[in-house]
Structure formats: C-alpha cells, structure tokens
>>> print(open('input_24.pdb').read())   # PDB, C-alpha atoms
ATOM      1  CA  MET A   1     -53.402  66.385  28.155
ATOM      2  CA  MET A   2     -52.906  63.079  26.339
ATOM      3  CA  GLN A   3     -55.177  62.629  23.349
ATOM      4  CA  GLU A   4     -57.234  59.462  23.106
ATOM      5  CA  LYS A   5     -56.373  57.219  20.160
ATOM      6  CA  LYS A   6     -58.896  57.420  17.340
ATOM      7  CA  TYR A   7     -59.297  54.101  15.599
ATOM      8  CA  HIS A   8     -62.455  54.904  13.645
ATOM      9  CA  MET A   9     -60.952  57.303  11.157
ATOM     10  CA  PRO A  10     -62.918  57.678   7.900
ATOM     11  CA  ASP A  11     -60.070  56.517   5.675
ATOM     12  CA  LEU A  12     -59.803  53.294   7.685
ATOM     13  CA  GLU A  13     -63.540  52.665   7.866
ATOM     14  CA  GLN A  14     -63.920  52.944   4.109
ATOM     15  CA  ALA A  15     -61.147  50.461   3.331
ATOM     16  CA  THR A  16     -61.635  46.705   3.175
ATOM     17  CA  ASP A  17     -59.851  44.528   5.697
ATOM     18  CA  GLU A  18     -57.607  43.205   2.947
ATOM     19  CA  GLU A  19     -56.660  46.755   1.927
ATOM     20  CA  LEU A  20     -55.939  47.599   5.543
ATOM     21  CA  ILE A  21     -53.577  44.648   5.873
ATOM     22  CA  VAL A  22     -51.672  45.840   2.815
ATOM     23  CA  ARG A  23     -51.367  49.298   4.348
ATOM     24  CA  LEU A  24     -50.242  47.732   7.627
ATOM     25  CA  ARG A  25     -47.499  45.862   5.807
ATOM     26  CA  ASP A  26     -46.475  49.208   4.285
ATOM     27  CA  GLY A  27     -45.904  50.659   7.740
ATOM     28  CA  GLU A  28     -49.212  52.062   9.042
ATOM     29  CA  GLN A  29     -48.874  50.426  12.451
ATOM     30  CA  GLN A  30     -52.006  52.077  13.914
ATOM     31  CA  ILE A  31     -54.058  49.770  11.701
ATOM     32  CA  THR A  32     -53.347  46.880  14.072
ATOM     33  CA  ASP A  33     -55.137  48.724  16.883
ATOM     34  CA  TYR A  34     -58.003  49.633  14.561
ATOM     35  CA  ILE A  35     -58.599  46.017  13.471
ATOM     36  CA  MET A  36     -58.290  44.734  17.045
ATOM     37  CA  GLU A  37     -60.979  47.205  18.073
ATOM     38  CA  LYS A  38     -63.132  46.399  15.047
ATOM     39  CA  TYR A  39     -63.211  42.665  15.763
ATOM     40  CA  LYS A  40     -63.395  42.661  19.557
ATOM     41  CA  ASN A  41     -67.144  41.911  19.455
ATOM     42  CA  LEU A  42     -66.465  38.859  17.289
ATOM     43  CA  VAL A  43     -64.016  37.671  19.937
ATOM     44  CA  ARG A  44     -66.599  38.195  22.691
ATOM     45  CA  SER A  45     -69.207  36.302  20.687
ATOM     46  CA  LYS A  46     -66.864  33.354  20.185
ATOM     47  CA  ALA A  47     -65.981  33.404  23.882
ATOM     48  CA  GLY A  48     -69.674  33.192  24.710
ATOM     49  CA  SER A  49     -70.134  30.057  22.616
ATOM     50  CA  MET A  50     -66.936  28.408  23.883
ATOM     51  CA  TYR A  51     -67.950  29.161  27.481
ATOM     52  CA  ILE A  52     -70.182  26.070  27.403
ATOM     53  CA  LEU A  53     -67.013  23.959  27.383
ATOM     54  CA  GLY A  54     -66.242  25.084  30.922
ATOM     55  CA  ALA A  55     -63.582  27.719  30.392
ATOM     56  CA  ASP A  56     -63.474  31.134  32.054
ATOM     57  CA  ARG A  57     -65.008  33.721  29.713
ATOM     58  CA  ASP A  58     -62.432  36.431  30.452
ATOM     59  CA  ASP A  59     -59.612  33.982  29.775
ATOM     60  CA  LEU A  60     -61.258  33.007  26.500
ATOM     61  CA  ILE A  61     -61.570  36.642  25.449
ATOM     62  CA  GLN A  62     -57.877  37.147  26.141
ATOM     63  CA  GLU A  63     -56.994  34.064  24.113
ATOM     64  CA  GLY A  64     -59.323  35.219  21.349
ATOM     65  CA  MET A  65     -57.559  38.568  21.136
ATOM     66  CA  ILE A  66     -54.261  36.704  20.843
ATOM     67  CA  GLY A  67     -55.769  34.689  17.998
ATOM     68  CA  LEU A  68     -56.950  37.906  16.341
ATOM     69  CA  PHE A  69     -53.487  39.414  16.633
ATOM     70  CA  LYS A  70     -52.008  36.308  15.002
ATOM     71  CA  ALA A  71     -54.558  36.626  12.190
ATOM     72  CA  ILE A  72     -53.471  40.210  11.554
ATOM     73  CA  ARG A  73     -49.836  39.132  11.616
ATOM     74  CA  ASP A  74     -50.185  36.064   9.416
ATOM     75  CA  PHE A  75     -52.929  36.915   6.909
ATOM     76  CA  ASP A  76     -51.879  36.310   3.319
ATOM     77  CA  SER A  77     -54.247  37.778   0.726
ATOM     78  CA  GLY A  78     -52.796  35.481  -1.935
ATOM     79  CA  ARG A  79     -53.541  32.364   0.102
ATOM     80  CA  ASP A  80     -56.512  33.104   2.368
ATOM     81  CA  ALA A  81     -60.026  33.723   1.047
ATOM     82  CA  SER A  82     -60.859  36.731   3.216
ATOM     83  CA  PHE A  83     -59.536  38.323   6.363
ATOM     84  CA  PHE A  84     -62.802  37.784   8.216
ATOM     85  CA  THR A  85     -62.798  34.037   7.526
ATOM     86  CA  PHE A  86     -59.115  33.751   8.456
ATOM     87  CA  ALA A  87     -59.586  35.811  11.646
ATOM     88  CA  GLU A  88     -62.593  33.734  12.707
ATOM     89  CA  LEU A  89     -60.548  30.574  12.246
ATOM     90  CA  CYS A  90     -57.542  31.900  14.189
ATOM     91  CA  ILE A  91     -59.730  33.112  17.060
ATOM     92  CA  SER A  92     -61.593  29.801  17.357
ATOM     93  CA  ARG A  93     -58.411  27.742  17.162
ATOM     94  CA  GLN A  94     -56.679  29.829  19.810
ATOM     95  CA  MET A  95     -59.611  29.528  22.188
ATOM     96  CA  TYR A  96     -60.121  25.805  21.670
ATOM     97  CA  SER A  97     -56.399  25.079  22.030
ATOM     98  CA  ALA A  98     -56.375  27.024  25.302
ATOM     99  CA  VAL A  99     -59.333  25.046  26.653
ATOM    100  CA  GLN A 100     -57.672  21.765  25.753
ATOM    101  CA  ALA A 101     -54.272  22.776  27.110
ATOM    102  CA  ALA A 102     -55.781  23.790  30.433
ATOM    103  CA  GLY A 103     -57.494  20.413  30.732
ATOM    104  CA  ARG A 104     -60.760  22.108  31.516
ATOM    105  CA  MET A 105     -63.019  20.216  29.127
ATOM    106  CA  LYS A 106     -66.049  19.356  31.246
ATOM    107  CA  HIS A 107     -68.859  16.934  30.647
ATOM    108  CA  ILE A 108     -71.881  18.657  29.133
ATOM    109  CA  PRO A 109     -75.300  17.974  30.686
ATOM    110  CA  LEU A 110     -77.532  15.668  28.690
ATOM    111  CA  ASN A 111     -79.908  18.443  27.681
ATOM    112  CA  SER A 112     -77.083  19.918  25.607
ATOM    113  CA  TYR A 113     -76.825  16.687  23.662
ATOM    114  CA  ILE A 114     -80.560  16.600  23.075
ATOM    115  CA  SER A 115     -80.149  19.565  20.740
ATOM    116  CA  LEU A 116     -77.897  17.448  18.531
ATOM    117  CA  TYR A 117     -80.957  15.978  16.890
ATOM    118  CA  GLY A 118     -82.902  19.198  16.487
ATOM    119  CA  ASN A 119     -80.288  21.336  14.766
ATOM    120  CA  GLY A 120     -80.472  22.465  11.170
ATOM    121  CA  THR A 121     -78.039  20.868   8.769
ATOM    122  CA  GLU A 122     -75.493  22.618   6.596
ATOM    123  CA  HIS A 123     -78.211  23.148   3.981
ATOM    124  CA  GLY A 124     -80.897  24.267   6.370
ATOM    125  CA  GLU A 125     -82.947  21.066   6.604
ATOM    126  CA  GLU A 126     -84.274  20.128  10.024
ATOM    127  CA  GLU A 127     -83.183  16.839  11.508
ATOM    128  CA  GLU A 128     -85.416  14.613  13.609
ATOM    129  CA  GLY A 129     -85.541  15.829  17.207
ATOM    130  CA  ILE A 130     -84.274  13.469  19.889
ATOM    131  CA  GLN A 131     -87.460  14.237  21.810
ATOM    132  CA  GLY A 132     -89.425  12.584  18.996
ATOM    133  CA  ILE A 133     -87.093   9.594  18.946
ATOM    134  CA  LEU A 134     -87.520   9.045  22.681
ATOM    135  CA  ALA A 135     -91.285   9.524  22.498
ATOM    136  CA  ASP A 136     -91.519   6.898  19.750
ATOM    137  CA  HIS A 137     -89.961   4.430  22.165
ATOM    138  CA  GLY A 138     -92.300   5.318  25.042
ATOM    139  CA  LEU A 139     -89.694   7.431  26.857
ATOM    140  CA  ASN A 140     -90.201  10.834  28.426
ATOM    141  CA  PRO A 141     -87.290  13.154  27.472
ATOM    142  CA  GLU A 142     -87.817  15.379  30.514
ATOM    143  CA  ASP A 143     -87.679  12.439  32.901
ATOM    144  CA  PHE A 144     -84.566  11.160  31.174
ATOM    145  CA  VAL A 145     -82.794  14.492  31.563
ATOM    146  CA  ILE A 146     -83.717  14.739  35.247
ATOM    147  CA  ASP A 147     -82.399  11.252  35.959
ATOM    148  CA  LYS A 148     -78.861  12.028  37.111
ATOM    149  CA  GLU A 149     -77.851   8.390  37.056
ATOM    150  CA  ASN A 150     -78.751   8.125  33.376
ATOM    151  CA  VAL A 151     -76.803  11.289  32.609
ATOM    152  CA  GLU A 152     -73.686   9.983  34.348
ATOM    153  CA  GLN A 153     -74.019   6.622  32.630
ATOM    154  CA  LEU A 154     -74.321   8.289  29.225
ATOM    155  CA  GLU A 155     -71.283  10.490  29.889
ATOM    156  CA  LYS A 156     -69.246   7.429  30.897
ATOM    157  CA  ARG A 157     -70.196   5.524  27.756
ATOM    158  CA  MET A 158     -69.440   8.525  25.564
ATOM    159  CA  GLU A 159     -66.006   8.779  27.142
ATOM    160  CA  GLN A 160     -65.403   5.110  26.368
ATOM    161  CA  GLU A 161     -67.026   4.747  22.961
ATOM    162  CA  LEU A 162     -66.410   8.036  21.145
ATOM    163  CA  SER A 163     -63.052   8.399  19.452
ATOM    164  CA  SER A 164     -60.789  11.345  20.289
ATOM    165  CA  PHE A 165     -61.722  13.011  16.999
ATOM    166  CA  GLU A 166     -65.437  12.445  17.586
ATOM    167  CA  LYS A 167     -65.156  14.035  21.029
ATOM    168  CA  GLN A 168     -63.450  17.077  19.527
ATOM    169  CA  VAL A 169     -66.146  17.363  16.866
ATOM    170  CA  LEU A 170     -68.868  17.091  19.524
ATOM    171  CA  ASP A 171     -67.222  19.687  21.762
ATOM    172  CA  LEU A 172     -67.258  22.230  18.948
ATOM    173  CA  TYR A 173     -70.635  21.224  17.505
ATOM    174  CA  ILE A 174     -72.460  21.993  20.750
ATOM    175  CA  THR A 175     -71.044  25.534  20.647
ATOM    176  CA  GLY A 176     -73.045  26.073  17.460
ATOM    177  CA  MET A 177     -70.380  25.516  14.813
ATOM    178  CA  SER A 178     -71.252  23.863  11.501
ATOM    179  CA  TYR A 179     -69.199  20.892  10.351
ATOM    180  CA  SER A 180     -67.349  23.091   7.859
ATOM    181  CA  GLN A 181     -66.308  25.477  10.654
ATOM    182  CA  ILE A 182     -65.309  22.546  12.844
ATOM    183  CA  ALA A 183     -63.199  21.147  10.018
ATOM    184  CA  ARG A 184     -61.289  24.421   9.744
ATOM    185  CA  VAL A 185     -60.682  24.683  13.488
ATOM    186  CA  LEU A 186     -59.435  21.099  13.747
ATOM    187  CA  GLY A 187     -57.470  21.226  10.507
ATOM    188  CA  ARG A 188     -59.415  18.339   8.957
ATOM    189  CA  ASP A 189     -61.310  18.003   5.686
ATOM    190  CA  GLU A 190     -65.071  18.573   5.686
ATOM    191  CA  LYS A 191     -65.993  15.043   4.615
ATOM    192  CA  SER A 192     -64.167  13.325   7.479
ATOM    193  CA  THR A 193     -65.589  15.870   9.930
ATOM    194  CA  ASP A 194     -69.148  15.378   8.712
ATOM    195  CA  ASN A 195     -68.681  11.595   8.819
ATOM    196  CA  ALA A 196     -67.456  11.852  12.421
ATOM    197  CA  LEU A 197     -70.484  13.986  13.303
ATOM    198  CA  GLN A 198     -72.894  11.449  11.814
ATOM    199  CA  ARG A 199     -71.100   8.578  13.584
ATOM    200  CA  LEU A 200     -71.197  10.212  16.993
ATOM    201  CA  LYS A 201     -74.870  11.095  16.580
ATOM    202  CA  SER A 202     -75.672   7.469  15.796
ATOM    203  CA  LYS A 203     -73.605   6.265  18.743
ATOM    204  CA  ILE A 204     -75.267   8.657  21.187
ATOM    205  CA  LYS A 205     -78.736   7.805  19.907
ATOM    206  CA  LYS A 206     -77.983   4.104  20.356
ATOM    207  CA  MET A 207     -76.697   4.712  23.893
ATOM    208  CA  ILE A 208     -79.862   6.611  24.827
ATOM    209  CA  LEU A 209     -82.287   4.116  23.350
ATOM    210  CA  GLU A 210     -80.661   0.919  24.600
TER
END
>>> encode(input="input_24.pdb", output="structure tokens")
Amino acid sequence: MMQEKKYHMPDLEQATDEELIVRLRDGEQQITDYIMEKYKNLVRSKAGSMYILGADRDDLIQEGMIGLFKAIRDFDSGRDASFFTFAELCISRQMYSAVQAAGRMKHIPLNSYISLYGNGTEHGEEEEGIQGILADHGLNPEDFVIDKENVEQLEKRMEQELSSFEKQVLDLYITGMSYSQIARVLGRDEKSTDNALQRLKSKIKKMILE
C-alpha cells in the first residue's frame, strides 16, 4: 500500500520559510511540496479577489500555483525582504499577467467603482464616499447605478480617458489591493502608482458629476 506524503512534519513546521528555502537549496526536495501545500490557501484567496476581473477561478488558482512555484524557485534571501512578501507578489503577478494575456479583462459594473470613494487609505483614514458626493449634487446613487445607459456611458468614457497605466491600477485596486501592493505587481514605484490612483479617482468623479 502506497503511503500518503506527509508535508506537515514537525521539523518543517517549526522552521521559517527562509530556513526552509535554504534547506531546499541543500537538497531537501520534499520542501517544495510542503511550501506549495502551506500556501495554497493564499493562492485561493488571491484567486477570489482577481475573479472580479472576469477570469475563471480554477484557471486563476492554477496560475497562482505556478506563481508560487516560481517564488520557491527564485527566492533570494539576500535580496528579498521575506518569502511571504515575495510569494504574494509572484502569485499576484502570475494571475494578473494571465488575465491580461487571455484578453478577458471585462468592464466592471458601476457599483464596483462606487467603492473607490469609500475605501480606507494606506494609513487607515476614510475617504469621502461617492454616495455623499452624488447626494450633495442632488443625485440618487441607487438610481444612477440602475441606469444602464449611464453605466455604459461611464465605461466608454473611462476606456477613452484613462491611460493604460491608470486602467491597470484601477483593475487591481478594485480587487482590494493597496497602492503599495499594486506598485509591486506592476513593477512601478509607489509614488507614481499613488499619483495614478488619485488621477483616475478625480477623472471618474468628474465623469459621474458632469
């Protein structure tokens, strides 16, 4: 009878990820399976957030596991801050690249964009809700969301007026990523990413209120 592989061995559970990678490099190949198993829930969580972009969840999980494998293969303790941070980056990049490559980026309903103005900032402050902005101008947010023609018009203007970088930032922001996480996924610095986020928010607000 074939024995089932045991990934959760005490000596592995007690070691840090960075220590495990060192041991892997020294020849303990079973550590790859252990880390893949350990981080599979992180992959599933990321797939759940990326699912809003219109990709198939199972496909995203598969891509995420590929990203995790690459993280295990490429992690450099002398260069990268921590394995967890590096793995999270590799998983997100792999998933987002797959979505883009498949050309499956779909327009997001307007009620997804409404949350742009009610999210916490990087430091935890609350921003003004778009519902409040609309109410101040005598508009009913619920009626605006229901109006399909307005939604389609907004999507068309966003396609025309947002830059390619701003669209990428928006795509990732609505999955719940902070601007620092977005910067890492897109390979850009945090300042330019945050600036793009502020620009696109202003543009969308202007489109809605015109």
>>> atom_distance(input="input_24.pdb", atom1="CA of Tyr173 (chain A)", atom2="CA of Ser97 (chain A)")
15.4 Å
>>> atom_distance(input="input_24.pdb", atom1="CA of Arg25 (chain A)", atom2="CA of Asp59 (chain A)")
29.4 Å
>>> residues_around(input="input_24.pdb", residues="Leu89 (chain A)", least_positions_apart="3", cutoff="7 Å", atoms="all atoms listed in the file", output="PDB file with C-alpha atoms, in the frame of the given file")
ATOM      1  CA  THR A  85     -62.798  34.037   7.526  1.00  0.00           C
ATOM      2  CA  PHE A  86     -59.115  33.751   8.456  1.00  0.00           C
ATOM      3  CA  SER A  92     -61.593  29.801  17.357  1.00  0.00           C
ATOM      4  CA  ARG A  93     -58.411  27.742  17.162  1.00  0.00           C
ATOM      5  CA  ARG A 184     -61.289  24.421   9.744  1.00  0.00           C
ATOM      6  CA  VAL A 185     -60.682  24.683  13.488  1.00  0.00           C
TER       7      VAL A 185
END
>>> residues_around(input="input_24.pdb", residues="region 68-73 of chain A", least_positions_apart="6", cutoff="12 Å", atoms="only C-alpha atoms", output="ChimeraX atom specification")
/A:17-18,20-25,29,31-44,46,61-62,80,82-95
>>> atom_distance(input="input_24.pdb", atom1="CA of Gln168 (chain A)", atom2="CA of Ile182 (chain A)")
8.8 Å
>>> resolve_selection(input="input_24.pdb", expression="the PyMOL selection byres ((chain A and resi 170) around 10)", output="tab-separated table (two decimals) with C-alpha atoms, keeping the file's coordinate frame")
chain	number	residue	atom	x	y	z
A	113	TYR	CA	-76.82	16.69	23.66
A	116	LEU	CA	-77.90	17.45	18.53
A	162	LEU	CA	-66.41	8.04	21.14
A	164	SER	CA	-60.79	11.34	20.29
A	165	PHE	CA	-61.72	13.01	17.00
A	166	GLU	CA	-65.44	12.44	17.59
A	167	LYS	CA	-65.16	14.04	21.03
A	168	GLN	CA	-63.45	17.08	19.53
A	169	VAL	CA	-66.15	17.36	16.87
A	171	ASP	CA	-67.22	19.69	21.76
A	172	LEU	CA	-67.26	22.23	18.95
A	173	TYR	CA	-70.64	21.22	17.50
A	174	ILE	CA	-72.46	21.99	20.75
A	175	THR	CA	-71.04	25.53	20.65
A	177	MET	CA	-70.38	25.52	14.81
A	179	TYR	CA	-69.20	20.89	10.35
A	182	ILE	CA	-65.31	22.55	12.84
A	196	ALA	CA	-67.46	11.85	12.42
A	197	LEU	CA	-70.48	13.99	13.30
A	200	LEU	CA	-71.20	10.21	16.99
A	201	LYS	CA	-74.87	11.10	16.58
>>> decode(input="input_24.pdb", residues="region 12-61 of chain A", atoms="C-alpha atoms", output="mmCIF file, in the first residue's frame")
data_model
loop_
_atom_site.group_PDB
_atom_site.id
_atom_site.type_symbol
_atom_site.label_atom_id
_atom_site.label_comp_id
_atom_site.auth_asym_id
_atom_site.auth_seq_id
_atom_site.Cartn_x
_atom_site.Cartn_y
_atom_site.Cartn_z
ATOM 1 C CA LEU A 12 9.312 21.638 8.743
ATOM 2 C CA GLU A 13 6.542 23.363 10.678
ATOM 3 C CA GLN A 14 8.985 24.794 13.192
ATOM 4 C CA ALA A 15 11.303 26.275 10.566
ATOM 5 C CA THR A 16 10.821 29.687 8.983
ATOM 6 C CA ASP A 17 10.110 29.893 5.278
ATOM 7 C CA GLU A 18 13.549 31.378 4.714
ATOM 8 C CA GLU A 19 15.176 28.469 6.563
ATOM 9 C CA LEU A 20 13.147 26.029 4.505
ATOM 10 C CA ILE A 21 14.355 27.593 1.265
ATOM 11 C CA VAL A 22 17.947 27.189 2.417
ATOM 12 C CA ARG A 23 17.296 23.529 3.179
ATOM 13 C CA LEU A 24 15.627 23.131 -0.216
ATOM 14 C CA ARG A 25 18.709 24.531 -1.910
ATOM 15 C CA ASP A 26 20.736 21.973 0.067
ATOM 16 C CA GLY A 27 18.759 19.136 -1.486
ATOM 17 C CA GLU A 28 15.622 18.536 0.613
ATOM 18 C CA GLN A 29 13.308 18.411 -2.393
ATOM 19 C CA GLN A 30 10.194 17.476 -0.366
ATOM 20 C CA ILE A 31 10.195 21.032 0.971
ATOM 21 C CA THR A 32 8.798 22.268 -2.345
ATOM 22 C CA ASP A 33 5.667 20.162 -1.830
ATOM 23 C CA TYR A 34 5.397 21.314 1.780
ATOM 24 C CA ILE A 35 5.518 25.025 0.869
ATOM 25 C CA MET A 36 3.089 24.545 -2.027
ATOM 26 C CA GLU A 37 0.651 22.942 0.398
ATOM 27 C CA LYS A 38 1.265 25.593 3.051
ATOM 28 C CA TYR A 39 0.446 28.490 0.727
ATOM 29 C CA LYS A 40 -2.398 27.003 -1.307
ATOM 30 C CA ASN A 41 -4.982 28.951 0.732
ATOM 31 C CA LEU A 42 -3.166 32.192 -0.081
ATOM 32 C CA VAL A 43 -3.438 31.285 -3.759
ATOM 33 C CA ARG A 44 -7.169 30.589 -3.404
ATOM 34 C CA SER A 45 -7.677 33.897 -1.616
ATOM 35 C CA LYS A 46 -5.887 35.806 -4.370
ATOM 36 C CA ALA A 47 -7.916 33.951 -6.996
ATOM 37 C CA GLY A 48 -11.090 35.043 -5.236
ATOM 38 C CA SER A 49 -10.123 38.711 -5.412
ATOM 39 C CA MET A 50 -8.918 38.506 -9.025
ATOM 40 C CA TYR A 51 -12.146 36.738 -10.022
ATOM 41 C CA ILE A 52 -13.851 40.145 -10.193
ATOM 42 C CA LEU A 53 -11.775 40.868 -13.303
ATOM 43 C CA GLY A 54 -13.696 38.205 -15.201
ATOM 44 C CA ALA A 55 -11.290 35.288 -15.199
ATOM 45 C CA ASP A 56 -12.173 31.678 -14.408
ATOM 46 C CA ARG A 57 -11.389 30.965 -10.746
ATOM 47 C CA ASP A 58 -9.945 27.494 -11.368
ATOM 48 C CA ASP A 59 -7.664 28.889 -14.064
ATOM 49 C CA LEU A 60 -6.532 31.614 -11.680
ATOM 50 C CA ILE A 61 -5.751 29.071 -8.971
#
